[in-house]
Amino acid sequence: MSATDPAGTVAEALKALYDDAGATRPEPGSGRQGKSSKAGKAGRSGRRRPRPAAAVHRLDAADHRLDAAASRLAADPSADAELTRSGEEFVRTLWARGWQPADLVRMARRELADEHVRLLTSLVRSETARYERLPHRWQAQLDALDTEGWTAPDRFTYATAVLELYRLLVRLPRLDAVGAVPGEALPPATAGEPKLLTRIRALLAKAEATTYAEEAEALTAKAQELMARHSLDEASLASGAPAPETPGAIRIGVDPPYEQAKAILLDAVATANHCRAVWNDAYGFSTVVGFEADLDPVELLYTSLLVQGTAAMTRAEAEQRAAGRNRTKSFRQSFLLAYANRLGARLAATTRRVAAETPTLLPALASREVAVTARTDELFPETRTTRVRAAWDEAGWDHGTTAANRAGLGPRPKGGIER
């Protein structure tokens with residue numbers, strides 16, 4: 001292939017991505033759809049799993065093809081711009097397939113290395129800069145991305161990293177859409193953050209910063225009470241509206257370690273605030289379904305409770321070590337499971353108390369919960385409940401329960417979570 005033809009050089013190099021077993025050339029609107037935990041199976045070949053020796057041979061062949069493609073790109077500097085343009089097209093295609101910036105970066109962190117995350121961040125920023133306006137919540141996701149770029153030591157290393165990233169991108173399946181896609185017609189932009197979110201954010205920031213357990217509990221409890229009252233106000237307004245609002249959805253990352261305990265905590269916060277959470281362990285997120293006014297507060301409270309819980313767990317471990325007892329992964333996992341379960345009970349109690357103060361609004365609230373359940377079932381018809389599997393550590397459980405009693409609230413404890 002002549003080095004004077006950058007497009008041809010890139011096209012020839014990218015063939016290595018599609019020649020690998022299981023990779024298919026993506027087109028907007030194509031691909032299988034992953035449902036809840038089944039999403040981890042989406043896009044895989046239906047063939048019988050090969051014997052170990054065959055699998056090793058296939059991986060060696062794939063790596064050889066990628067090395068040859070990287071060498072071709074490294075030898076042609078004029079292909080760099082075309083290579084970047086191809087990456088932007090891959091990213092743009094994934095927007096149409098239900099992915100959002102935070103989802104892509106999360107997958108790159110799970111599957112690849114730091115240099116791939118930085119390359120992806122640059123692609124996402126350059127692709128989204130094309131649009132005059134972005135969907136709701138996208139700007140916050142972009143603001144959370146690292147701004148530091150990556151400088152490769154040589155051209156071959158750079159080309160290899162780019163192709164490894166693109167190989168991941170072309171294999172990602174379709175996800176259920178949880179919002180608009182860049183380029184679509186968007187609702188009018190709202191100026192600033194709603195006052196309620198600002199108040200909740202301030203309360204939770206104080207709860208995270210204080211070293212006094214009683215103060216943290218009071219601040220977190222107040223935040224949940226504000227959320228519960230706001231949800232009732234929204235139900236009252238909606239009951240008199242000419243056209244009922246449709247529940248929406250957001251994705252919230254559930255990162256390792258101890259993903260199961262974190263997913264239970266998010267489920268607790270969502271349930272207490274009239275939402276439903278469905279965990280996708282294969283891709284590291286939960287989808288929270290609910291009415292728009294409830295979704296952002298759920299994310300805020302979950303994030304804050306996770307910060308508070310992690311800090312409490314670190315302190316508890318330090319106390320254990322000071323007493324001469326070394327604790328392990330089972331201590332930390334038991335701690336977080338107990339923390340999530342106890343918070344579930346406390347959050348639910350606050351929500352019930354607030355709702356009981358205005359019994360006339362209970363029918364409207366129940367109607368909204370029915371709509372949320374119906375929307376969840378529509379998006380995820382194949383969910384299943386997963387048993388909690390964890391090594392038991394009594395001290396971890398006791399410390400986690402104590403931390404939850406100090407931190408705040410959360411819905412009914414459950415035996416499992418939807419996946």
# chains A, B, ... in the order shown; residues from 1 in each chain; ligands from 1
$ residues_around --residues "Leu134 in chain A" --least-positions-apart "6" --cutoff "12 Å" --atoms "only C-alpha atoms" --output "NGL selection string"
:A and (95 or 100-101 or 125 or 127-128 or 140-142 or 179-189)
$ select_by_dssp --residues "range 192-276 of chain A" --states "strand (DSSP E or B)" --output "VMD selection string"
chain A and resid 248 to 253 276
$ select_by_dssp --residues "range 222-333 of chain A" --states "alpha helix (DSSP H)" --output "PyMOL selection string"
chain A and resi 222-239+259-272+292-322+329-333
$ residues_around --residues "range 201-214 of chain A" --least-positions-apart "4" --cutoff "7 Å" --atoms "only C-alpha atoms" --output "PDB file with all heavy atoms, in the first residue's frame"
ATOM      1  N   LEU A 197     -31.384  20.592  43.741  1.00  0.00           N
ATOM      2  CA  LEU A 197     -30.125  19.869  43.601  1.00  0.00           C
ATOM      3  C   LEU A 197     -28.989  20.626  44.272  1.00  0.00           C
ATOM      4  O   LEU A 197     -28.094  20.018  44.875  1.00  0.00           O
ATOM      5  CB  LEU A 197     -29.801  19.652  42.124  1.00  0.00           C
ATOM      6  CG  LEU A 197     -30.544  18.530  41.405  1.00  0.00           C
ATOM      7  CD1 LEU A 197     -30.011  18.391  39.986  1.00  0.00           C
ATOM      8  CD2 LEU A 197     -30.397  17.215  42.150  1.00  0.00           C
ATOM      9  N   ALA A 218     -27.340  13.641  60.473  1.00  0.00           N
ATOM     10  CA  ALA A 218     -28.389  14.654  60.376  1.00  0.00           C
ATOM     11  C   ALA A 218     -28.421  15.299  58.995  1.00  0.00           C
ATOM     12  O   ALA A 218     -29.491  15.533  58.419  1.00  0.00           O
ATOM     13  CB  ALA A 218     -28.176  15.714  61.457  1.00  0.00           C
ATOM     14  N   LEU A 219     -27.246  15.579  58.446  1.00  0.00           N
ATOM     15  CA  LEU A 219     -27.182  16.217  57.129  1.00  0.00           C
ATOM     16  C   LEU A 219     -27.690  15.286  56.033  1.00  0.00           C
ATOM     17  O   LEU A 219     -28.430  15.699  55.126  1.00  0.00           O
ATOM     18  CB  LEU A 219     -25.739  16.634  56.837  1.00  0.00           C
ATOM     19  CG  LEU A 219     -25.191  17.794  57.678  1.00  0.00           C
ATOM     20  CD1 LEU A 219     -23.675  17.884  57.554  1.00  0.00           C
ATOM     21  CD2 LEU A 219     -25.834  19.114  57.255  1.00  0.00           C
ATOM     22  N   THR A 220     -27.301  14.012  56.092  1.00  0.00           N
ATOM     23  CA  THR A 220     -27.744  13.049  55.089  1.00  0.00           C
ATOM     24  C   THR A 220     -29.244  12.811  55.211  1.00  0.00           C
ATOM     25  O   THR A 220     -29.952  12.679  54.200  1.00  0.00           O
ATOM     26  CB  THR A 220     -26.980  11.732  55.233  1.00  0.00           C
ATOM     27  OG1 THR A 220     -25.583  11.998  55.263  1.00  0.00           O
ATOM     28  CG2 THR A 220     -27.277  10.804  54.064  1.00  0.00           C
ATOM     29  N   ALA A 223     -31.044  15.615  53.580  1.00  0.00           N
ATOM     30  CA  ALA A 223     -31.004  15.501  52.116  1.00  0.00           C
ATOM     31  C   ALA A 223     -32.059  14.522  51.621  1.00  0.00           C
ATOM     32  O   ALA A 223     -32.776  14.793  50.652  1.00  0.00           O
ATOM     33  CB  ALA A 223     -29.611  15.064  51.659  1.00  0.00           C
ATOM     34  N   LEU A 300     -26.730  11.762  43.184  1.00  0.00           N
ATOM     35  CA  LEU A 300     -26.019  12.546  44.187  1.00  0.00           C
ATOM     36  C   LEU A 300     -25.943  11.813  45.523  1.00  0.00           C
ATOM     37  O   LEU A 300     -24.874  11.725  46.147  1.00  0.00           O
ATOM     38  CB  LEU A 300     -26.724  13.889  44.386  1.00  0.00           C
ATOM     39  CG  LEU A 300     -26.423  15.010  43.398  1.00  0.00           C
ATOM     40  CD1 LEU A 300     -27.273  16.229  43.727  1.00  0.00           C
ATOM     41  CD2 LEU A 300     -24.947  15.377  43.428  1.00  0.00           C
ATOM     42  N   SER A 304     -22.584  10.213  47.419  1.00  0.00           N
ATOM     43  CA  SER A 304     -22.195  10.697  48.739  1.00  0.00           C
ATOM     44  C   SER A 304     -22.136   9.560  49.756  1.00  0.00           C
ATOM     45  O   SER A 304     -21.189   9.470  50.547  1.00  0.00           O
ATOM     46  CB  SER A 304     -23.185  11.763  49.218  1.00  0.00           C
ATOM     47  OG  SER A 304     -22.870  12.190  50.528  1.00  0.00           O
ATOM     48  N   VAL A 307     -19.029   7.560  49.285  1.00  0.00           N
ATOM     49  CA  VAL A 307     -17.862   8.257  49.835  1.00  0.00           C
ATOM     50  C   VAL A 307     -17.823   8.107  51.353  1.00  0.00           C
ATOM     51  O   VAL A 307     -16.789   7.779  51.944  1.00  0.00           O
ATOM     52  CB  VAL A 307     -17.892   9.751  49.438  1.00  0.00           C
ATOM     53  CG1 VAL A 307     -16.843  10.540  50.222  1.00  0.00           C
ATOM     54  CG2 VAL A 307     -17.648   9.909  47.945  1.00  0.00           C
ATOM     55  N   GLN A 308     -18.977   8.333  51.989  1.00  0.00           N
ATOM     56  CA  GLN A 308     -19.031   8.221  53.450  1.00  0.00           C
ATOM     57  C   GLN A 308     -18.734   6.785  53.904  1.00  0.00           C
ATOM     58  O   GLN A 308     -18.024   6.560  54.884  1.00  0.00           O
ATOM     59  CB  GLN A 308     -20.405   8.648  53.957  1.00  0.00           C
ATOM     60  CG  GLN A 308     -20.714  10.124  53.745  1.00  0.00           C
ATOM     61  CD  GLN A 308     -22.078  10.494  54.290  1.00  0.00           C
ATOM     62  OE1 GLN A 308     -22.368  10.271  55.460  1.00  0.00           O
ATOM     63  NE2 GLN A 308     -22.934  11.059  53.441  1.00  0.00           N
ATOM     64  N   ARG A 406     -24.790   5.689  61.393  1.00  0.00           N
ATOM     65  CA  ARG A 406     -24.260   7.042  61.559  1.00  0.00           C
ATOM     66  C   ARG A 406     -24.423   7.882  60.292  1.00  0.00           C
ATOM     67  O   ARG A 406     -24.510   9.096  60.356  1.00  0.00           O
ATOM     68  CB  ARG A 406     -22.775   6.970  61.924  1.00  0.00           C
ATOM     69  CG  ARG A 406     -22.514   6.403  63.310  1.00  0.00           C
ATOM     70  CD  ARG A 406     -21.030   6.217  63.535  1.00  0.00           C
ATOM     71  NE  ARG A 406     -20.739   5.774  64.894  1.00  0.00           N
ATOM     72  CZ  ARG A 406     -19.545   5.411  65.316  1.00  0.00           C
ATOM     73  NH1 ARG A 406     -18.518   5.426  64.479  1.00  0.00           N
ATOM     74  NH2 ARG A 406     -19.360   5.020  66.558  1.00  0.00           N
ATOM     75  N   ALA A 407     -24.403   7.234  59.122  1.00  0.00           N
ATOM     76  CA  ALA A 407     -24.327   7.982  57.871  1.00  0.00           C
ATOM     77  C   ALA A 407     -25.668   8.526  57.425  1.00  0.00           C
ATOM     78  O   ALA A 407     -25.771   9.655  57.005  1.00  0.00           O
ATOM     79  CB  ALA A 407     -23.748   7.110  56.769  1.00  0.00           C
TER      80      ALA A 407
END
$ closest_residue --among "A:Ile252, A:Ala268, A:Leu73, A:Leu305" --to "Asp281 in chain A" --atoms "only C-alpha atoms"
A:Ile252
$ residues_around --residues "Val91 in chain A" --least-positions-apart "4" --cutoff "12 Å" --atoms "only C-alpha atoms" --output "PyMOL selection string"
chain A and resi 26-28+84-87+95-101+103-105+119-128+165-166+168-172+181-182
$ closest_residue --among "A:Leu237, A:Val178, A:Ala108, A:Leu17" --to "Ala364 in chain A" --atoms "only C-alpha atoms"
A:Leu237
$ atom_distance --atom1 "CA of Glu234 in chain A" --atom2 "CA of Thr303 in chain A"
23.0 Å
$ closest_residue --among "A:Thr151, A:Ser236, A:Thr93, A:Thr314" --to "Pro173 in chain A" --atoms "only C-alpha atoms"
A:Thr93
$ closest_residue --among "A:Ala7, A:Ala16, A:Leu145, A:Ala403" --to "Leu343 in chain A" --atoms "only C-alpha atoms"
A:Ala403
$ residues_around --residues "Asp154 in chain A" --least-positions-apart "6" --cutoff "12 Å" --atoms "only C-alpha atoms" --output "list in words"
Ala70, Ser71, Leu73, Ala74, Ala75, Pro77, Thr160 and Ala161 of chain A
$ atom_distance --atom1 "CA of Thr350 in chain A" --atom2 "CA of Val269 in chain A"
11.6 Å
$ closest_residue --among "A:Ala81, A:Ala221, A:Val254, A:Val298" --to "Pro6 in chain A" --atoms "only C-alpha atoms"
A:Ala81
$ decode --residues "range 286-309 of chain A" --atoms "N, CA, C and O atoms" --output "JSON list (two decimals), in the first residue's frame"
[["chain", "number", "residue", "atom", "x", "y", "z"],
["A", 286, "SER", "N", -25.15, 0.50, 36.60],
["A", 286, "SER", "CA", -26.57, 0.23, 36.83],
["A", 286, "SER", "C", -27.38, 1.27, 36.07],
["A", 286, "SER", "O", -26.98, 2.45, 36.00],
["A", 287, "THR", "N", -28.50, 0.85, 35.50],
["A", 287, "THR", "CA", -29.42, 1.77, 34.88],
["A", 287, "THR", "C", -30.52, 2.09, 35.89],
["A", 287, "THR", "O", -31.19, 1.18, 36.38],
["A", 288, "VAL", "N", -30.66, 3.34, 36.22],
["A", 288, "VAL", "CA", -31.71, 3.78, 37.16],
["A", 288, "VAL", "C", -32.85, 4.37, 36.34],
["A", 288, "VAL", "O", -32.66, 5.31, 35.57],
["A", 289, "VAL", "N", -34.03, 3.80, 36.52],
["A", 289, "VAL", "CA", -35.23, 4.24, 35.80],
["A", 289, "VAL", "C", -36.12, 5.00, 36.77],
["A", 289, "VAL", "O", -36.38, 4.54, 37.89],
["A", 290, "GLY", "N", -36.59, 6.16, 36.36],
["A", 290, "GLY", "CA", -37.45, 6.95, 37.21],
["A", 290, "GLY", "C", -37.86, 8.23, 36.51],
["A", 290, "GLY", "O", -37.46, 8.50, 35.38],
["A", 291, "PHE", "N", -38.66, 9.03, 37.19],
["A", 291, "PHE", "CA", -39.04, 10.32, 36.63],
["A", 291, "PHE", "C", -37.87, 11.29, 36.75],
["A", 291, "PHE", "O", -37.04, 11.20, 37.66],
["A", 292, "GLU", "N", -37.80, 12.21, 35.81],
["A", 292, "GLU", "CA", -36.63, 13.07, 35.66],
["A", 292, "GLU", "C", -36.25, 13.78, 36.96],
["A", 292, "GLU", "O", -35.07, 13.90, 37.29],
["A", 293, "ALA", "N", -37.23, 14.23, 37.71],
["A", 293, "ALA", "CA", -36.94, 14.99, 38.93],
["A", 293, "ALA", "C", -36.26, 14.14, 40.00],
["A", 293, "ALA", "O", -35.64, 14.68, 40.93],
["A", 294, "ASP", "N", -36.37, 12.82, 39.90],
["A", 294, "ASP", "CA", -35.79, 11.94, 40.91],
["A", 294, "ASP", "C", -34.41, 11.41, 40.54],
["A", 294, "ASP", "O", -33.67, 10.94, 41.42],
["A", 295, "LEU", "N", -34.04, 11.44, 39.26],
["A", 295, "LEU", "CA", -32.84, 10.73, 38.81],
["A", 295, "LEU", "C", -31.55, 11.37, 39.31],
["A", 295, "LEU", "O", -30.67, 10.69, 39.86],
["A", 296, "ASP", "N", -31.40, 12.68, 39.12],
["A", 296, "ASP", "CA", -30.16, 13.34, 39.56],
["A", 296, "ASP", "C", -29.99, 13.28, 41.08],
["A", 296, "ASP", "O", -28.87, 13.03, 41.56],
["A", 297, "PRO", "N", -31.05, 13.51, 41.88],
["A", 297, "PRO", "CA", -30.88, 13.36, 43.33],
["A", 297, "PRO", "C", -30.44, 11.95, 43.74],
["A", 297, "PRO", "O", -29.65, 11.80, 44.68],
["A", 298, "VAL", "N", -30.94, 10.92, 43.07],
["A", 298, "VAL", "CA", -30.51, 9.56, 43.38],
["A", 298, "VAL", "C", -29.01, 9.41, 43.16],
["A", 298, "VAL", "O", -28.30, 8.84, 44.00],
["A", 299, "GLU", "N", -28.51, 9.91, 42.05],
["A", 299, "GLU", "CA", -27.07, 9.80, 41.77],
["A", 299, "GLU", "C", -26.26, 10.56, 42.81],
["A", 299, "GLU", "O", -25.23, 10.08, 43.29],
["A", 300, "LEU", "N", -26.73, 11.76, 43.18],
["A", 300, "LEU", "CA", -26.02, 12.55, 44.19],
["A", 300, "LEU", "C", -25.94, 11.81, 45.52],
["A", 300, "LEU", "O", -24.87, 11.72, 46.15],
["A", 301, "LEU", "N", -27.08, 11.27, 45.97],
["A", 301, "LEU", "CA", -27.11, 10.62, 47.28],
["A", 301, "LEU", "C", -26.28, 9.34, 47.27],
["A", 301, "LEU", "O", -25.54, 9.06, 48.22],
["A", 302, "TYR", "N", -26.39, 8.55, 46.20],
["A", 302, "TYR", "CA", -25.60, 7.32, 46.11],
["A", 302, "TYR", "C", -24.10, 7.63, 46.17],
["A", 302, "TYR", "O", -23.35, 7.00, 46.92],
["A", 303, "THR", "N", -23.67, 8.61, 45.40],
["A", 303, "THR", "CA", -22.26, 8.96, 45.37],
["A", 303, "THR", "C", -21.78, 9.41, 46.75],
["A", 303, "THR", "O", -20.69, 9.01, 47.21],
["A", 304, "SER", "N", -22.58, 10.21, 47.42],
["A", 304, "SER", "CA", -22.19, 10.70, 48.74],
["A", 304, "SER", "C", -22.14, 9.56, 49.76],
["A", 304, "SER", "O", -21.19, 9.47, 50.55],
["A", 305, "LEU", "N", -23.14, 8.69, 49.75],
["A", 305, "LEU", "CA", -23.14, 7.57, 50.70],
["A", 305, "LEU", "C", -21.98, 6.63, 50.45],
["A", 305, "LEU", "O", -21.42, 6.05, 51.39],
["A", 306, "LEU", "N", -21.59, 6.47, 49.19],
["A", 306, "LEU", "CA", -20.44, 5.63, 48.88],
["A", 306, "LEU", "C", -19.16, 6.25, 49.43],
["A", 306, "LEU", "O", -18.30, 5.55, 49.98],
["A", 307, "VAL", "N", -19.03, 7.56, 49.29],
["A", 307, "VAL", "CA", -17.86, 8.26, 49.84],
["A", 307, "VAL", "C", -17.82, 8.11, 51.35],
["A", 307, "VAL", "O", -16.79, 7.78, 51.94],
["A", 308, "GLN", "N", -18.98, 8.33, 51.99],
["A", 308, "GLN", "CA", -19.03, 8.22, 53.45],
["A", 308, "GLN", "C", -18.73, 6.78, 53.90],
["A", 308, "GLN", "O", -18.02, 6.56, 54.88],
["A", 309, "GLY", "N", -19.29, 5.81, 53.19],
["A", 309, "GLY", "CA", -19.07, 4.42, 53.55],
["A", 309, "GLY", "C", -17.63, 3.98, 53.40],
["A", 309, "GLY", "O", -17.08, 3.27, 54.24]]
